[in-house]
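Containing PDB, C-alpha atoms: my_file29.pdb.
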```pdb
ATOM      1  CA  MET A   1      -3.597  -9.749 -19.789
ATOM      2  CA  GLY A   2      -2.589  -6.154 -19.158
ATOM      3  CA  GLU A   3      -0.244  -4.893 -16.456
ATOM      4  CA  TRP A   4      -1.219  -3.775 -12.995
ATOM      5  CA  GLU A   5      -0.774  -0.082 -12.244
ATOM      6  CA  VAL A   6      -0.083   1.244  -8.744
ATOM      7  CA  GLU A   7      -2.429   3.774  -7.136
ATOM      8  CA  PHE A   8      -0.514   3.988  -3.873
ATOM      9  CA  LEU A   9       1.751   2.091  -1.510
ATOM     10  CA  ARG A  10       1.836   2.132   2.283
ATOM     11  CA  ALA A  11       4.228   0.823   4.916
ATOM     12  CA  THR A  12       3.067   0.762   8.534
ATOM     13  CA  ALA A  13       4.928  -0.046  11.736
ATOM     14  CA  PHE A  14       3.390  -0.459  15.181
ATOM     15  CA  THR A  15       5.245   0.150  18.433
ATOM     16  CA  ASN A  16       4.595   0.244  22.159
ATOM     17  CA  ASP A  17       7.374   2.803  22.652
ATOM     18  CA  VAL A  18       6.631   6.437  23.460
ATOM     19  CA  LEU A  19       8.004   8.362  20.490
ATOM     20  CA  PRO A  20       9.919  11.581  21.272
ATOM     21  CA  PRO A  21       8.929  14.767  19.397
ATOM     22  CA  SER A  22      12.108  14.613  17.330
ATOM     23  CA  HIS A  23      11.497  11.077  16.092
ATOM     24  CA  GLY A  24       9.513  12.109  13.020
ATOM     25  CA  VAL A  25      12.298  14.396  11.792
ATOM     26  CA  GLU A  26      14.843  11.622  12.302
ATOM     27  CA  LEU A  27      12.685   9.189  10.350
ATOM     28  CA  TRP A  28      12.334  11.559   7.417
ATOM     29  CA  LYS A  29      16.090  12.109   7.241
ATOM     30  CA  LYS A  30      16.710   8.358   7.273
ATOM     31  CA  VAL A  31      14.488   7.777   4.250
ATOM     32  CA  VAL A  32      14.624  11.014   2.245
ATOM     33  CA  THR A  33      17.783  13.007   1.585
ATOM     34  CA  ALA A  34      15.894  16.208   0.709
ATOM     35  CA  GLU A  35      14.048  18.472   3.139
ATOM     36  CA  ALA A  36      10.308  17.899   3.511
ATOM     37  CA  GLU A  37       8.092  20.273   1.541
ATOM     38  CA  GLU A  38       5.538  20.325   4.356
ATOM     39  CA  MET A  39       6.040  19.460   8.021
ATOM     40  CA  THR A  40       3.601  19.599  10.935
ATOM     41  CA  HIS A  41       4.122  18.980  14.661
ATOM     42  CA  LYS A  42       1.199  18.577  17.095
ATOM     43  CA  PRO A  43       2.862  17.973  20.490
ATOM     44  CA  SER A  44      -0.430  17.851  22.411
ATOM     45  CA  LEU A  45      -1.567  14.950  20.217
ATOM     46  CA  GLY A  46       1.861  13.361  19.948
ATOM     47  CA  SER A  47       1.669  13.512  16.161
ATOM     48  CA  PHE A  48       4.004  14.514  13.352
ATOM     49  CA  SER A  49       3.577  14.609   9.597
ATOM     50  CA  ALA A  50       5.831  15.436   6.671
ATOM     51  CA  SER A  51       5.604  15.151   2.910
ATOM     52  CA  GLY A  52       7.527  16.022  -0.204
ATOM     53  CA  PRO A  53       8.261  15.069  -3.811
ATOM     54  CA  VAL A  54      10.174  11.812  -4.282
ATOM     55  CA  ASP A  55      10.856  10.012  -7.565
ATOM     56  CA  GLY A  56       8.184  11.980  -9.433
ATOM     57  CA  ALA A  57       5.504  11.236  -6.826
ATOM     58  CA  THR A  58       4.682  12.270  -3.249
ATOM     59  CA  LEU A  59       5.988  10.544  -0.144
ATOM     60  CA  ALA A  60       4.217  11.277   3.130
ATOM     61  CA  LEU A  61       5.141  10.325   6.685
ATOM     62  CA  SER A  62       2.613  10.191   9.524
ATOM     63  CA  VAL A  63       3.648   9.523  13.131
ATOM     64  CA  THR A  64       0.954   9.060  15.774
ATOM     65  CA  PRO A  65       1.099   7.347  19.180
ATOM     66  CA  GLY A  66       1.919   3.695  18.561
ATOM     67  CA  ARG A  67       1.974   3.938  14.770
ATOM     68  CA  ILE A  68       4.183   5.078  11.890
ATOM     69  CA  ASP A  69       2.901   5.272   8.300
ATOM     70  CA  TRP A  70       4.753   5.887   5.044
ATOM     71  CA  LEU A  71       2.452   6.678   2.089
ATOM     72  CA  PHE A  72       3.650   6.860  -1.512
ATOM     73  CA  GLY A  73       1.141   8.233  -4.016
ATOM     74  CA  PRO A  74       0.714  10.283  -7.199
ATOM     75  CA  ALA A  75       1.737  13.929  -7.107
ATOM     76  CA  THR A  76      -1.148  15.286  -9.223
ATOM     77  CA  ILE A  77      -4.797  14.586 -10.055
ATOM     78  CA  GLU A  78      -3.792  14.047 -13.675
ATOM     79  CA  ALA A  79      -1.447  11.273 -12.577
ATOM     80  CA  VAL A  80      -4.352   9.466 -10.897
ATOM     81  CA  LEU A  81      -5.837   8.817 -14.343
ATOM     82  CA  ASP A  82      -2.583   8.515 -16.263
ATOM     83  CA  HIS A  83      -1.047   5.310 -14.836
ATOM     84  CA  SER A  84      -1.025   6.786 -11.303
ATOM     85  CA  LEU A  85       2.418   5.697  -9.968
ATOM     86  CA  GLY A  86       3.083   3.663 -13.088
ATOM     87  CA  LYS A  87       3.405  -0.030 -13.775
ATOM     88  CA  PHE A  88       3.448  -2.368 -10.786
ATOM     89  CA  ASN A  89       6.569  -4.179 -11.928
ATOM     90  CA  ALA A  90       9.426  -3.144  -9.584
ATOM     91  CA  GLN A  91       7.431  -0.350  -7.861
ATOM     92  CA  ASP A  92       6.998  -2.471  -4.732
ATOM     93  CA  GLU A  93      10.686  -3.393  -4.657
ATOM     94  CA  GLN A  94      11.727   0.241  -5.106
ATOM     95  CA  PHE A  95       9.451   1.203  -2.211
ATOM     96  CA  ALA A  96      11.116  -1.443  -0.019
ATOM     97  CA  ASP A  97      14.557  -0.218  -1.108
ATOM     98  CA  ARG A  98      13.725   3.355  -0.125
ATOM     99  CA  LEU A  99      12.658   2.242   3.366
ATOM    100  CA  SER A 100      15.583  -0.134   3.772
ATOM    101  CA  ASN A 101      17.746   2.074   5.997
ATOM    102  CA  TRP A 102      14.852   2.764   8.364
ATOM    103  CA  LEU A 103      13.877  -0.919   8.516
ATOM    104  CA  GLN A 104      17.448  -1.962   9.263
ATOM    105  CA  PHE A 105      17.970   0.617  12.025
ATOM    106  CA  PRO A 106      14.503   1.657  13.311
ATOM    107  CA  SER A 107      15.797   2.925  16.718
ATOM    108  CA  ILE A 108      12.518   1.835  18.387
ATOM    109  CA  ALA A 109      10.893  -1.496  19.218
ATOM    110  CA  ILE A 110       8.514  -2.518  16.421
ATOM    111  CA  THR A 111       6.036  -5.284  17.201
ATOM    112  CA  ARG A 112       4.071  -5.375  13.953
ATOM    113  CA  ILE A 113       4.629  -4.322  10.355
ATOM    114  CA  ALA A 114       2.282  -4.042   7.379
ATOM    115  CA  LEU A 115       2.299  -3.372   3.651
ATOM    116  CA  GLY A 116      -0.664  -1.770   1.909
ATOM    117  CA  GLU A 117      -1.061  -1.636  -1.856
ATOM    118  CA  VAL A 118      -3.833  -0.416  -4.136
ATOM    119  CA  LEU A 119      -3.457  -1.751  -7.669
ATOM    120  CA  ARG A 120      -5.598  -1.437 -10.769
ATOM    121  CA  LEU A 121      -5.758  -3.227 -14.076
ATOM    122  CA  PRO A 122      -7.160  -1.224 -17.034
ATOM    123  CA  VAL A 123     -10.013  -2.926 -18.922
ATOM    124  CA  ALA A 124     -12.100  -1.900 -21.925
ATOM    125  CA  ASN A 125     -15.466  -2.068 -20.115
ATOM    126  CA  SER A 126     -17.243  -3.657 -17.157
ATOM    127  CA  VAL A 127     -17.856  -6.958 -18.981
ATOM    128  CA  ALA A 128     -14.126  -7.277 -19.671
ATOM    129  CA  GLY A 129     -13.470  -6.348 -16.053
ATOM    130  CA  TYR A 130     -15.683  -9.105 -14.677
ATOM    131  CA  ARG A 131     -14.117 -11.605 -17.037
ATOM    132  CA  MET A 132     -10.716 -10.578 -15.748
ATOM    133  CA  LEU A 133     -11.900 -10.969 -12.151
ATOM    134  CA  GLY A 134     -12.914 -14.507 -13.054
ATOM    135  CA  THR A 135      -9.316 -15.383 -13.920
ATOM    136  CA  PHE A 136      -8.112 -14.168 -10.509
ATOM    137  CA  LEU A 137     -11.096 -15.546  -8.569
ATOM    138  CA  PRO A 138     -12.028 -18.800 -10.324
ATOM    139  CA  LYS A 139     -14.002 -20.190  -7.352
ATOM    140  CA  VAL A 140     -16.252 -17.132  -7.009
ATOM    141  CA  ALA A 141     -16.148 -15.837 -10.590
ATOM    142  CA  PRO A 142     -18.993 -13.345 -11.193
ATOM    143  CA  ASP A 143     -21.083 -13.619 -14.342
ATOM    144  CA  PRO A 144     -19.519 -11.000 -16.656
ATOM    145  CA  ASP A 145     -22.750 -10.141 -18.469
ATOM    146  CA  SER A 146     -25.123  -9.690 -15.548
ATOM    147  CA  SER A 147     -22.937  -8.797 -12.524
ATOM    148  CA  ARG A 148     -22.756  -5.344 -11.000
ATOM    149  CA  ASP A 149     -21.331  -3.890  -7.764
ATOM    150  CA  PHE A 150     -19.295  -7.025  -7.055
ATOM    151  CA  MET A 151     -16.761  -6.930  -4.211
ATOM    152  CA  TYR A 152     -14.863  -9.892  -2.776
ATOM    153  CA  GLN A 153     -12.739  -9.749   0.361
ATOM    154  CA  ILE A 154     -10.804 -12.517   2.049
ATOM    155  CA  ASN A 155      -7.919 -12.991   4.475
ATOM    156  CA  ARG A 156      -5.772 -16.087   3.920
ATOM    157  CA  PRO A 157      -3.155 -16.105   6.716
ATOM    158  CA  ARG A 158       0.130 -17.960   6.306
ATOM    159  CA  ASP A 159       3.061 -18.779   8.536
ATOM    160  CA  SER A 160       6.023 -16.499   7.933
ATOM    161  CA  LYS A 161       9.102 -17.932   6.248
ATOM    162  CA  THR A 162      11.261 -15.190   7.768
ATOM    163  CA  VAL A 163      10.151 -15.492  11.394
ATOM    164  CA  PRO A 164       9.129 -19.049  12.378
ATOM    165  CA  GLY A 165       5.909 -19.117  14.381
ATOM    166  CA  LEU A 166       4.756 -15.668  13.223
ATOM    167  CA  LEU A 167       1.442 -15.487  11.369
ATOM    168  CA  VAL A 168       1.103 -13.196   8.344
ATOM    169  CA  ASN A 169      -2.312 -11.880   7.312
ATOM    170  CA  ARG A 170      -2.946 -11.779   3.542
ATOM    171  CA  LEU A 171      -6.030  -9.603   3.150
ATOM    172  CA  SER A 172      -7.191  -8.896  -0.404
ATOM    173  CA  LYS A 173     -10.195  -6.966  -1.748
ATOM    174  CA  TRP A 174     -11.254  -7.372  -5.380
ATOM    175  CA  ALA A 175     -13.667  -5.259  -7.409
ATOM    176  CA  CYS A 176     -14.433  -3.836 -10.837
ATOM    177  CA  VAL A 177     -14.658  -0.037 -10.669
ATOM    178  CA  ASP A 178     -15.151   3.096 -12.748
ATOM    179  CA  LEU A 179     -12.790   5.977 -12.096
ATOM    180  CA  SER A 180     -14.299   9.347 -12.976
ATOM    181  CA  VAL A 181     -12.379  12.577 -12.457
ATOM    182  CA  ASN A 182     -13.148  16.217 -13.214
ATOM    183  CA  VAL A 183      -9.951  17.717 -14.581
ATOM    184  CA  GLY A 184      -9.620  21.394 -15.423
ATOM    185  CA  ILE A 185     -13.297  22.350 -15.287
ATOM    186  CA  ILE A 186     -14.133  24.230 -12.104
ATOM    187  CA  GLY A 187     -17.703  23.697 -10.938
ATOM    188  CA  SER A 188     -18.409  20.959 -13.459
ATOM    189  CA  THR A 189     -20.711  18.146 -12.266
ATOM    190  CA  LYS A 190     -19.908  15.885 -15.208
ATOM    191  CA  PRO A 191     -16.749  13.777 -15.272
ATOM    192  CA  THR A 192     -14.307  14.791 -17.975
ATOM    193  CA  SER A 193     -12.639  11.384 -18.013
ATOM    194  CA  THR A 194     -13.862   7.908 -17.031
ATOM    195  CA  LYS A 195     -11.930   4.652 -17.135
ATOM    196  CA  GLN A 196     -12.710   1.115 -16.021
ATOM    197  CA  PHE A 197     -10.393  -1.002 -13.905
ATOM    198  CA  VAL A 198     -10.148  -4.208 -11.979
ATOM    199  CA  ARG A 199      -9.078  -2.963  -8.540
ATOM    200  CA  LEU A 200      -7.091  -4.891  -5.964
ATOM    201  CA  GLU A 201      -6.496  -3.649  -2.424
ATOM    202  CA  LEU A 202      -3.910  -5.537  -0.391
ATOM    203  CA  ASP A 203      -3.156  -5.361   3.318
ATOM    204  CA  ILE A 204      -0.359  -7.787   4.167
ATOM    205  CA  SER A 205       0.581  -7.657   7.846
ATOM    206  CA  THR A 206       2.125  -9.569  10.702
ATOM    207  CA  ASP A 207      -0.180 -10.844  13.434
ATOM    208  CA  LYS A 208      -1.596  -8.092  15.648
ATOM    209  CA  ASP A 209      -1.561 -10.385  18.685
ATOM    210  CA  SER A 210       2.180 -10.975  18.490
ATOM    211  CA  GLN A 211       4.239  -8.777  20.800
ATOM    212  CA  ARG A 212       7.588  -9.980  19.478
ATOM    213  CA  ASP A 213      10.113  -7.173  19.022
ATOM    214  CA  LEU A 214      10.893  -7.565  15.315
ATOM    215  CA  SER A 215      13.491  -4.792  15.419
ATOM    216  CA  LYS A 216      15.433  -6.499  18.217
ATOM    217  CA  ASP A 217      15.733  -9.641  16.105
ATOM    218  CA  LYS A 218      16.940  -7.512  13.147
ATOM    219  CA  VAL A 219      14.426  -9.111  10.800
ATOM    220  CA  LEU A 220      12.355  -6.050   9.879
ATOM    221  CA  ARG A 221      13.920  -5.533   6.480
ATOM    222  CA  SER A 222      13.646  -9.216   5.558
ATOM    223  CA  MET A 223      10.114  -9.363   6.966
ATOM    224  CA  PHE A 224       9.012  -6.402   4.852
ATOM    225  CA  ARG A 225      10.531  -8.058   1.776
ATOM    226  CA  GLU A 226       8.438 -11.115   2.550
ATOM    227  CA  LEU A 227       5.301  -8.955   2.686
ATOM    228  CA  VAL A 228       6.230  -7.479  -0.706
ATOM    229  CA  SER A 229       6.680 -10.972  -2.126
ATOM    230  CA  LEU A 230       3.306 -12.120  -0.782
ATOM    231  CA  GLY A 231       1.586  -9.085  -2.286
ATOM    232  CA  ARG A 232       3.142  -9.751  -5.661
ATOM    233  CA  GLU A 233       2.070 -13.396  -5.483
ATOM    234  CA  ILE A 234      -1.586 -12.402  -5.000
ATOM    235  CA  ALA A 235      -1.421  -9.819  -7.804
ATOM    236  CA  THR A 236      -0.042 -12.380 -10.270
ATOM    237  CA  GLN A 237      -1.750 -15.597  -9.160
ATOM    238  CA  GLY A 238      -5.007 -14.342  -7.689
ATOM    239  CA  ASP A 239      -6.802 -15.688  -4.625
ATOM    240  CA  ILE A 240      -4.792 -18.727  -3.582
ATOM    241  CA  PRO A 241      -4.418 -20.386  -0.137
TER     242      PRO A 241
END
```

As structure tokens, how would this structure be written, given the file I've shared?
Amino acid sequence: MGEWEVEFLRATAFTNDVLPPSHGVELWKKVVTAEAEEMTHKPSLGSFSASGPVDGATLALSVTPGRIDWLFGPATIEAVLDHSLGKFNAQDEQFADRLSNWLQFPSIAITRIALGEVLRLPVANSVAGYRMLGTFLPKVAPDPDSSRDFMYQINRPRDSKTVPGLLVNRLSKWACVDLSVNVGIIGSTKPTSTKQFVRLELDISTDKDSQRDLSKDKVLRSMFRELVSLGREIATQGDIP
């Protein structure tokens, strides 16, 4: 079996607090030591965004009423085809490490937190891709020779080990996809490079109906680590209860 590659990573926090205009700048400084390459304020909408190069990729921050998103993705189109963010091993942990200071001292009440991951596993062709899907999804394994356009989505919630009584959603989407990109040929309608992958989209999140202040209990950092661990479990063991 090959190694998963990372297309992008996302951390999301939800709050009922009204965020001041300066909050986005404070968040960026907590997580990134360098100045943002781009920064946008929209006071009438209560939104803020910033982005810049981090660790050879691009980190973006989006703040909107009730929601904060951190997005970590490839810096160039070429990188999308060439391993994207690189091998999955340790990428999720490094992402959690970078957000650690913010998660430990968020300065606002956070009622829900989520981790999003898009992973891909290179395969030789679609038949090999469907065979690989069968190893991760043994109960719904598609026929590798005759299947096309297969997509499987399921949420298997679990009780949190970090916060007793808190439900954690474990949403996974599985597919076999072709990635075609035009690189360097302006106006071309034909892809210059095509690769096949097994694709896994993960959205691991705490229960949306819980209004518990996770920041008050000082469990945000540990809770996010648990989400990372659950995502890794799905990527290595497949669809399990």

- Message: Between atom CA of Pro43 of chain A and atom CA of Ser22 of chain A, what distance in Å does the model show, to one decimal?
- Response: 10.3 Å

- Task: Would you kindly return, as JSON, numbers by chain, each protein, DNA or RNA residue with an atom no farther than 6 Å from any atom of segment 10-18 of chain A, considering all atoms listed in the file and excluding same-chain residues fewer than 3 positions away?
- Result: {"A": [66, 67, 68, 69, 70, 71, 109, 110, 111, 112, 113, 114, 115, 116]}

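The two atoms in question, atom CA of Lys173 of chain A and atom CA of Asp203 of chain A, are spaced 8.8 Å apart.
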
- Task: For Phe224 of chain A, list every protein, DNA or RNA residue within 12 Å, evaluated using only C-alpha atoms, and leave out those in the same chain fewer than 5 positions away; present the list as a PyMOL selection string.
- Result: chain A and resi 10-13+92-93+95-100+102-104+112-116+160-163+168+204-206+214-215+218-219+229-231

- Message: What's around Tyr152 of chain A at 9 Å? Count only C-alpha atoms, leave out sequence neighbours fewer than 2 positions away in its own chain, and write the answer as a PyMOL selection string.
- Response: chain A and resi 137+140+150+154+172-175

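Between atom CA of Ser84 of chain A and atom CA of Glu5 of chain A the separation is 6.9 Å.
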
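Shortest separation to Thr76 of chain A among A:Asp209, A:Asp239, A:Glu37, A:Glu7 occurs at residue A:Glu7, atoms counted being all atoms listed in the file.
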
Quick one: what's the axis-aligned box for segment 222-234 of chain A, all listed atoms, 8 Å on every side, centre and edges in Å to one decimal, as lines of an AutoDock Vina configuration file?
```
center_x = 6.0
center_y = -9.9
center_z = 0.7
size_x = 31.2
size_y = 23.0
size_z = 28.6
```

- Tell me which residues the PyMOL selection byres ((chain A and resi 73) around 7) grabs here, as a ChimeraX atom specification. /A:7-9,57-59,71-72,74-75,85

- Smallest atom-to-atom distance to Asn125 of chain A: which of A:Ser180, A:Gln196, A:Gln91, A:Ser222, using only C-alpha atoms? A:Gln196

- Name the residues captured by the PyMOL selection byres ((chain A and resi 120) around 8) when it is applied to the shown file; answer as JSON, numbers by chain. {"A": [4, 5, 6, 7, 118, 119, 121, 122, 197, 198, 199, 200]}
